[in-house]
Amino acid sequence: MLFRSLFCLAVLAALASRRLSNFPAVTGGLLLLIGVIAVQGISRGMVALPALTMGYLMLSLLVAWLGAQLSRAERLPEVVKVLAAFILCAAVLNALAAVAQVYGIPPWARDWIAVPHGGRAYGNVAQPNLFANYVALGLLSLLYLHAACRMHLAMLVLLGGLLVWASALSGSRAALAYPFMVAALA
């Protein structure tokens with residue numbers, strides 16, 4: 001879901017700027033890798049797997065280009081706030097889905113929330129460890145927005161509590177490492 005969002009944002013930014021010539025240097029290696037995978041796939045008669053891999057590499061190429069464009073942006077802090085707000089909104093919606101998975105999905109939401117399997121909550125990400133990672137990104141976005149926008153303390157506690165609760169419902173041991181990683185990077 002995050003990759004799709006970044007992909008759409010990259011395509012929109014590319015269309016808005018109408019100049020794709022200023023790709024960062026790292027994209028040369030990605031283009032070379034795309035070419036090698038394409039040649040290997042064609043020479044072996046395989047199409048589906050190399051096409052999927054090339055799709056992810058092309059997405060990486062667009063994300064690298066988007067990062068380069070954002071680093072040159074004049075209004076970078078505003079862009080970062082918007083990205084953090086969208087990540088937070090998606091994490092909160094996934095956290096609510098995870099709570100519903102554990103305590104019962106209401107009938108009106110059955111078309112929007114994945115049916116739980118395996119006894120662990122995973123929101124709509126469909127994998128508990130990736131869900132915990134996404135919720136951790138949402139929690140970091142919440143902390144950034146609190147620091148950058150002076151979010152009300154009650155909102156910070158309410159959303160932070162929901163995200164931590166959802167992370168605990170996932171049963172992911174990796175979620176326990178995120179606070180230590182953030183503290184090490186801070």
# chains A, B, ... in the order shown; residues from 1 in each chain; ligands from 1
$ residues_around --residues "Pro128 (chain A)" --least-positions-apart "2" --cutoff "10 Å" --atoms "only C-alpha atoms" --output "list in words"
Ala98, Gly118, Arg120, Ala121, Tyr122, Gly123, Asn124, Val125, Ala126, Leu130, Phe131, Ala132, Asn133, Tyr134, Ser167, Leu169, Ser170, Gly171, Ser172, Arg173, Ala174 and Ala175 of chain A
$ write_last_selection --atoms "all heavy atoms" --output "compact mmCIF listing (two decimals), in the first residue's frame"
# COMPACT_ATOMS: atom_id res chain seq x y z
N ALA A 98 -7.38 -3.76 12.62
CA ALA A 98 -6.80 -4.82 13.45
C ALA A 98 -7.61 -5.01 14.73
O ALA A 98 -7.84 -6.15 15.16
CB ALA A 98 -5.35 -4.48 13.79
N GLY A 118 -5.30 -17.10 11.52
CA GLY A 118 -4.08 -17.36 12.27
C GLY A 118 -4.05 -16.77 13.67
O GLY A 118 -3.05 -16.91 14.35
N ARG A 120 -3.68 -13.76 14.77
CA ARG A 120 -2.94 -12.51 14.98
C ARG A 120 -3.57 -11.41 14.13
O ARG A 120 -4.00 -11.64 13.01
CB ARG A 120 -1.48 -12.67 14.58
CG ARG A 120 -0.73 -13.63 15.49
CD ARG A 120 0.62 -14.00 14.96
NE ARG A 120 1.51 -12.85 14.84
CZ ARG A 120 2.71 -12.91 14.29
NH1 ARG A 120 3.14 -14.04 13.78
NH2 ARG A 120 3.46 -11.85 14.21
N ALA A 121 -3.61 -10.21 14.67
CA ALA A 121 -4.17 -9.09 13.93
C ALA A 121 -3.15 -8.60 12.90
O ALA A 121 -1.95 -8.59 13.16
CB ALA A 121 -4.52 -7.96 14.89
N TYR A 122 -3.65 -8.22 11.74
CA TYR A 122 -2.76 -7.69 10.70
C TYR A 122 -3.41 -6.59 9.88
O TYR A 122 -2.89 -6.21 8.84
CB TYR A 122 -2.24 -8.80 9.80
CG TYR A 122 -3.30 -9.73 9.26
CD1 TYR A 122 -4.13 -9.35 8.22
CD2 TYR A 122 -3.46 -11.00 9.81
CE1 TYR A 122 -5.10 -10.21 7.74
CE2 TYR A 122 -4.42 -11.86 9.34
CZ TYR A 122 -5.23 -11.46 8.29
OH TYR A 122 -6.19 -12.31 7.81
N GLY A 123 -4.52 -6.06 10.34
CA GLY A 123 -5.18 -4.98 9.60
C GLY A 123 -5.48 -5.43 8.18
O GLY A 123 -5.90 -6.56 7.95
N ASN A 124 -5.27 -4.56 7.23
CA ASN A 124 -5.47 -4.91 5.83
C ASN A 124 -4.15 -5.14 5.12
O ASN A 124 -4.10 -5.14 3.89
CB ASN A 124 -6.29 -3.84 5.12
CG ASN A 124 -7.75 -3.93 5.48
OD1 ASN A 124 -8.24 -4.98 5.84
ND2 ASN A 124 -8.44 -2.82 5.40
N VAL A 125 -3.08 -5.33 5.88
CA VAL A 125 -1.77 -5.58 5.29
C VAL A 125 -1.57 -7.07 5.01
O VAL A 125 -0.79 -7.45 4.15
CB VAL A 125 -0.64 -5.02 6.20
CG1 VAL A 125 0.72 -5.26 5.64
CG2 VAL A 125 -0.86 -3.53 6.43
N ALA A 126 -2.27 -7.92 5.73
CA ALA A 126 -2.31 -9.37 5.53
C ALA A 126 -1.05 -10.10 5.98
O ALA A 126 -0.85 -11.25 5.63
CB ALA A 126 -2.65 -9.73 4.09
N LEU A 130 4.62 -7.18 8.81
CA LEU A 130 4.55 -5.99 7.96
C LEU A 130 3.55 -4.99 8.53
O LEU A 130 3.75 -3.78 8.45
CB LEU A 130 4.16 -6.37 6.53
CG LEU A 130 5.17 -7.22 5.78
CD1 LEU A 130 4.64 -7.58 4.40
CD2 LEU A 130 6.50 -6.51 5.66
N PHE A 131 2.48 -5.51 9.11
CA PHE A 131 1.51 -4.63 9.76
C PHE A 131 2.17 -3.88 10.93
O PHE A 131 1.98 -2.67 11.07
CB PHE A 131 0.32 -5.45 10.27
CG PHE A 131 -0.59 -4.69 11.16
CD1 PHE A 131 -1.43 -3.70 10.66
CD2 PHE A 131 -0.63 -4.95 12.52
CE1 PHE A 131 -2.27 -2.99 11.49
CE2 PHE A 131 -1.48 -4.25 13.36
CZ PHE A 131 -2.29 -3.27 12.84
N ALA A 132 2.95 -4.59 11.73
CA ALA A 132 3.64 -3.93 12.85
C ALA A 132 4.61 -2.87 12.35
O ALA A 132 4.74 -1.80 12.94
CB ALA A 132 4.37 -4.97 13.70
N ASN A 133 5.25 -3.15 11.23
CA ASN A 133 6.15 -2.17 10.63
C ASN A 133 5.37 -0.94 10.19
O ASN A 133 5.79 0.20 10.42
CB ASN A 133 6.88 -2.81 9.43
CG ASN A 133 7.87 -1.90 8.79
OD1 ASN A 133 8.35 -0.96 9.40
ND2 ASN A 133 8.18 -2.18 7.55
N TYR A 134 4.24 -1.15 9.55
CA TYR A 134 3.42 -0.04 9.08
C TYR A 134 2.90 0.80 10.25
O TYR A 134 2.89 2.03 10.19
CB TYR A 134 2.26 -0.58 8.24
CG TYR A 134 1.69 0.44 7.31
CD1 TYR A 134 2.28 0.71 6.10
CD2 TYR A 134 0.54 1.14 7.65
CE1 TYR A 134 1.78 1.65 5.24
CE2 TYR A 134 0.03 2.09 6.79
CZ TYR A 134 0.64 2.33 5.59
OH TYR A 134 0.13 3.28 4.75
N SER A 167 -0.25 -2.55 17.51
CA SER A 167 1.03 -3.22 17.36
C SER A 167 1.12 -4.42 18.30
O SER A 167 1.61 -5.49 17.92
CB SER A 167 2.16 -2.23 17.64
OG SER A 167 3.40 -2.83 17.46
N LEU A 169 -1.45 -6.15 19.35
CA LEU A 169 -2.39 -7.16 18.84
C LEU A 169 -1.78 -7.96 17.70
O LEU A 169 -2.19 -9.09 17.45
CB LEU A 169 -3.68 -6.49 18.37
CG LEU A 169 -4.58 -5.91 19.45
CD1 LEU A 169 -5.76 -5.18 18.81
CD2 LEU A 169 -5.06 -6.99 20.39
N SER A 170 -0.81 -7.39 17.01
CA SER A 170 -0.18 -8.11 15.90
C SER A 170 0.66 -9.29 16.39
O SER A 170 0.89 -10.23 15.65
CB SER A 170 0.69 -7.17 15.06
OG SER A 170 1.89 -6.86 15.74
N GLY A 171 1.14 -9.21 17.62
CA GLY A 171 1.97 -10.27 18.16
C GLY A 171 3.35 -10.33 17.53
O GLY A 171 4.05 -11.33 17.65
N SER A 172 3.75 -9.28 16.88
CA SER A 172 5.05 -9.25 16.21
C SER A 172 6.16 -8.90 17.21
O SER A 172 6.10 -7.89 17.90
CB SER A 172 5.02 -8.21 15.09
OG SER A 172 6.29 -8.06 14.52
N ARG A 173 7.16 -9.75 17.26
CA ARG A 173 8.31 -9.46 18.13
C ARG A 173 9.14 -8.32 17.57
O ARG A 173 9.83 -7.62 18.31
CB ARG A 173 9.16 -10.71 18.28
CG ARG A 173 8.47 -11.81 19.06
CD ARG A 173 9.40 -12.99 19.25
NE ARG A 173 9.93 -13.50 17.99
CZ ARG A 173 9.48 -14.56 17.34
NH1 ARG A 173 8.47 -15.23 17.83
NH2 ARG A 173 10.02 -14.95 16.22
N ALA A 174 9.09 -8.11 16.26
CA ALA A 174 9.85 -7.02 15.65
C ALA A 174 9.36 -5.67 16.16
O ALA A 174 10.14 -4.72 16.24
CB ALA A 174 9.73 -7.08 14.13
N ALA A 175 8.08 -5.58 16.53
CA ALA A 175 7.54 -4.33 17.04
C ALA A 175 8.24 -3.90 18.33
O ALA A 175 8.32 -2.71 18.63
CB ALA A 175 6.04 -4.46 17.27
$ residues_around --residues "Leu33 (chain A)" --least-positions-apart "4" --cutoff "9 Å" --atoms "only C-alpha atoms" --output "PyMOL selection string"
chain A and resi 28-29+37-38+54+57
$ closest_residue --among "A:Leu66, A:Ala168, A:Leu145, A:Ala100" --to "Ala85 (chain A)" --atoms "only C-alpha atoms"
A:Leu145
$ select_by_dssp --residues "region 22-186 of chain A" --states "helix (DSSP H, G or I)" --output "PyMOL selection string"
chain A and resi 26-44+48-71+76-103+107-109+128-149+153-170+174-185
$ residues_around --residues "Leu158 (chain A)" --least-positions-apart "5" --cutoff "12 Å" --atoms "only C-alpha atoms" --output "list in words"
Val92, Leu139, Leu142, Met151, His152, Leu153, Leu163, Val164 and Trp165 of chain A
$ closest_residue --among "A:Leu176, A:Ala184, A:Cys149, A:Ala136" --to "Ala91 (chain A)" --atoms "only C-alpha atoms"
A:Ala136
$ atom_distance --atom1 "CA of Leu31 (chain A)" --atom2 "CA of Arg72 (chain A)"
22.3 Å
$ closest_residue --among "A:Ala25, A:Ile87, A:Val82, A:Leu32" --to "Ala68 (chain A)" --atoms "only C-alpha atoms"
A:Ala25
$ residues_around --residues "Ala84 (chain A)" --least-positions-apart "3" --cutoff "9 Å" --atoms "only C-alpha atoms" --output "PDB file with C-alpha atoms, in the first residue's frame"
ATOM      1  CA  VAL A  79       5.680  18.119   1.751  1.00  0.00           C
ATOM      2  CA  VAL A  80       7.084  16.012   4.584  1.00  0.00           C
ATOM      3  CA  LYS A  81       4.193  17.027   6.841  1.00  0.00           C
ATOM      4  CA  ILE A  87       1.066   7.641   6.546  1.00  0.00           C
ATOM      5  CA  LEU A  88      -0.511   8.367   9.940  1.00  0.00           C
ATOM      6  CA  CYS A  89      -4.049   8.232   8.515  1.00  0.00           C
ATOM      7  CA  LEU A 137       5.816   4.128  10.641  1.00  0.00           C
ATOM      8  CA  GLY A 138       2.479   5.621  11.649  1.00  0.00           C
ATOM      9  CA  LEU A 140       6.856   7.839  13.957  1.00  0.00           C
ATOM     10  CA  SER A 141       4.722  10.030  11.703  1.00  0.00           C
ATOM     11  CA  LEU A 142       2.564  10.901  14.708  1.00  0.00           C
ATOM     12  CA  TYR A 144       6.955  13.974  13.835  1.00  0.00           C
ATOM     13  CA  LEU A 145       3.624  15.748  13.369  1.00  0.00           C
TER      14      LEU A 145
END
